[in-house]
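Student: Pasting a structure here, questions to come.
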Amino acid sequence: MGILWFAYNFAPGSYPHVEKYELDYSQDEVKIAVDKFKKQHSEFIVPTVTINNKGSLDLTDGQSNEITDLYKIYFYYKDEQKIIYTWIQPLDNNKTIFAFVAINKGLNLGNWEDINKDFSDFENKEEKRKFEEKILNKIKELLSN
């Protein structure tokens, strides 16, 4: 048990626990679909947030400072007051990884919980199901049209 816990909690890579979805579209096509999704469903745009209950910040989508081909995307579940952190990264010219990374409870940053790590099995399955139904499947529909 101890070795498995250690391996899981100290897995290599920048994002070892993310839930990855492979899309048969370029990163640019996925970005366009995400923008279109947010224009059609503005309730998923993250409102102004705070850090440690101080100041205000607009959490915007964009290129990662750490990993050059990684594009960070944030969504908001207004009814649950949760921020969903995702990213996309090209696998090749016609394939993109869409990763579900973490959930922040509330609009004060710093309450992040990693998917596939910080939730019980039941909660984890439920959060992935909600993400797929509310966001990912709709983005896939936009991509296929």
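Chains: A, B, ... in order of the structure tokens. Residues: from 1 per chain. Ligands: from 1, in order shown.
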Mind checking which residues fall within 10 Å of segment 60-68 of chain A, counting only C-alpha atoms, ignoring those fewer than 2 positions away in the same chain, and posting them as a PyMOL selection string?

Tutor: chain A and resi 14+31+35+45-48+57-58+70-75+85-89

Student: What lies within 10 Å of Pro90 of chain A using only C-alpha atoms, ignoring chain neighbours under 2 positions off, as a ChimeraX atom specification?

Tutor: /A:22-23,25-28,30,69-71,88,92-98

Student: Now that the selection is made, can you save its residues with N, CA and C atoms as a PDB file, in the first residue's frame?

Tutor:
```pdb
ATOM      1  N   GLU A  22      -9.143  12.388 -25.856  1.00  0.00           N
ATOM      2  CA  GLU A  22      -8.479  12.614 -27.140  1.00  0.00           C
ATOM      3  C   GLU A  22      -9.524  13.037 -28.170  1.00  0.00           C
ATOM      4  N   LEU A  23      -9.288  14.188 -28.785  1.00  0.00           N
ATOM      5  CA  LEU A  23     -10.196  14.712 -29.804  1.00  0.00           C
ATOM      6  C   LEU A  23      -9.499  14.673 -31.163  1.00  0.00           C
ATOM      7  N   TYR A  25      -9.222  16.546 -33.647  1.00  0.00           N
ATOM      8  CA  TYR A  25      -9.229  17.902 -34.214  1.00  0.00           C
ATOM      9  C   TYR A  25      -7.949  18.601 -33.784  1.00  0.00           C
ATOM     10  N   SER A  26      -7.534  19.586 -34.558  1.00  0.00           N
ATOM     11  CA  SER A  26      -6.339  20.356 -34.207  1.00  0.00           C
ATOM     12  C   SER A  26      -6.621  21.203 -32.964  1.00  0.00           C
ATOM     13  N   GLN A  27      -5.552  21.658 -32.330  1.00  0.00           N
ATOM     14  CA  GLN A  27      -5.709  22.513 -31.156  1.00  0.00           C
ATOM     15  C   GLN A  27      -6.442  23.803 -31.524  1.00  0.00           C
ATOM     16  N   ASP A  28      -6.148  24.366 -32.691  1.00  0.00           N
ATOM     17  CA  ASP A  28      -6.836  25.593 -33.116  1.00  0.00           C
ATOM     18  C   ASP A  28      -8.330  25.364 -33.291  1.00  0.00           C
ATOM     19  N   VAL A  30     -10.133  23.163 -31.716  1.00  0.00           N
ATOM     20  CA  VAL A  30     -10.708  22.996 -30.379  1.00  0.00           C
ATOM     21  C   VAL A  30     -10.845  24.358 -29.690  1.00  0.00           C
ATOM     22  N   ASP A  69       3.086  24.554 -25.414  1.00  0.00           N
ATOM     23  CA  ASP A  69       1.975  24.159 -26.280  1.00  0.00           C
ATOM     24  C   ASP A  69       0.698  23.848 -25.503  1.00  0.00           C
ATOM     25  N   LEU A  70       0.696  24.117 -24.213  1.00  0.00           N
ATOM     26  CA  LEU A  70      -0.462  23.878 -23.363  1.00  0.00           C
ATOM     27  C   LEU A  70      -1.307  25.146 -23.290  1.00  0.00           C
ATOM     28  N   TYR A  71      -2.605  25.009 -23.531  1.00  0.00           N
ATOM     29  CA  TYR A  71      -3.528  26.140 -23.516  1.00  0.00           C
ATOM     30  C   TYR A  71      -4.541  25.906 -22.395  1.00  0.00           C
ATOM     31  N   ILE A  88      -5.821  22.175 -23.029  1.00  0.00           N
ATOM     32  CA  ILE A  88      -5.713  21.415 -24.266  1.00  0.00           C
ATOM     33  C   ILE A  88      -4.260  21.463 -24.723  1.00  0.00           C
ATOM     34  N   ASP A  92      -0.813  15.862 -32.228  1.00  0.00           N
ATOM     35  CA  ASP A  92      -0.194  16.060 -33.539  1.00  0.00           C
ATOM     36  C   ASP A  92      -1.045  17.110 -34.254  1.00  0.00           C
ATOM     37  N   ASN A  93      -0.900  17.259 -35.557  1.00  0.00           N
ATOM     38  CA  ASN A  93      -1.633  18.307 -36.280  1.00  0.00           C
ATOM     39  C   ASN A  93      -3.141  18.119 -36.276  1.00  0.00           C
ATOM     40  N   ASN A  94      -3.616  16.890 -36.102  1.00  0.00           N
ATOM     41  CA  ASN A  94      -5.051  16.615 -36.187  1.00  0.00           C
ATOM     42  C   ASN A  94      -5.626  15.953 -34.946  1.00  0.00           C
ATOM     43  N   LYS A  95      -4.913  15.964 -33.863  1.00  0.00           N
ATOM     44  CA  LYS A  95      -5.394  15.382 -32.608  1.00  0.00           C
ATOM     45  C   LYS A  95      -4.999  16.292 -31.448  1.00  0.00           C
ATOM     46  N   THR A  96      -5.924  16.414 -30.507  1.00  0.00           N
ATOM     47  CA  THR A  96      -5.697  17.269 -29.348  1.00  0.00           C
ATOM     48  C   THR A  96      -6.134  16.540 -28.090  1.00  0.00           C
ATOM     49  N   ILE A  97      -5.347  16.670 -27.041  1.00  0.00           N
ATOM     50  CA  ILE A  97      -5.742  16.163 -25.725  1.00  0.00           C
ATOM     51  C   ILE A  97      -6.507  17.279 -25.022  1.00  0.00           C
ATOM     52  N   PHE A  98      -7.694  16.957 -24.529  1.00  0.00           N
ATOM     53  CA  PHE A  98      -8.490  17.871 -23.707  1.00  0.00           C
ATOM     54  C   PHE A  98      -8.449  17.280 -22.309  1.00  0.00           C
TER      55      PHE A  98
END
```

Student: So that I can check the surroundings of Asp79 of chain A, please list as a PyMOL selection string every protein, DNA and RNA residue that reaches within 12 Å of it, counting only C-alpha atoms and ignoring chain neighbours fewer than 3 positions away.

Tutor: chain A and resi 43-44+76+82-83+105-106

Student: Could you write out, as an MDAnalysis selection string, all the residues of chain A that DSSP marks as strand (DSSP E or B)?

Tutor: chainID A and resid 19:23 49:51 54:57 62:63 71:77 82:92 95:105 108:109 112:114
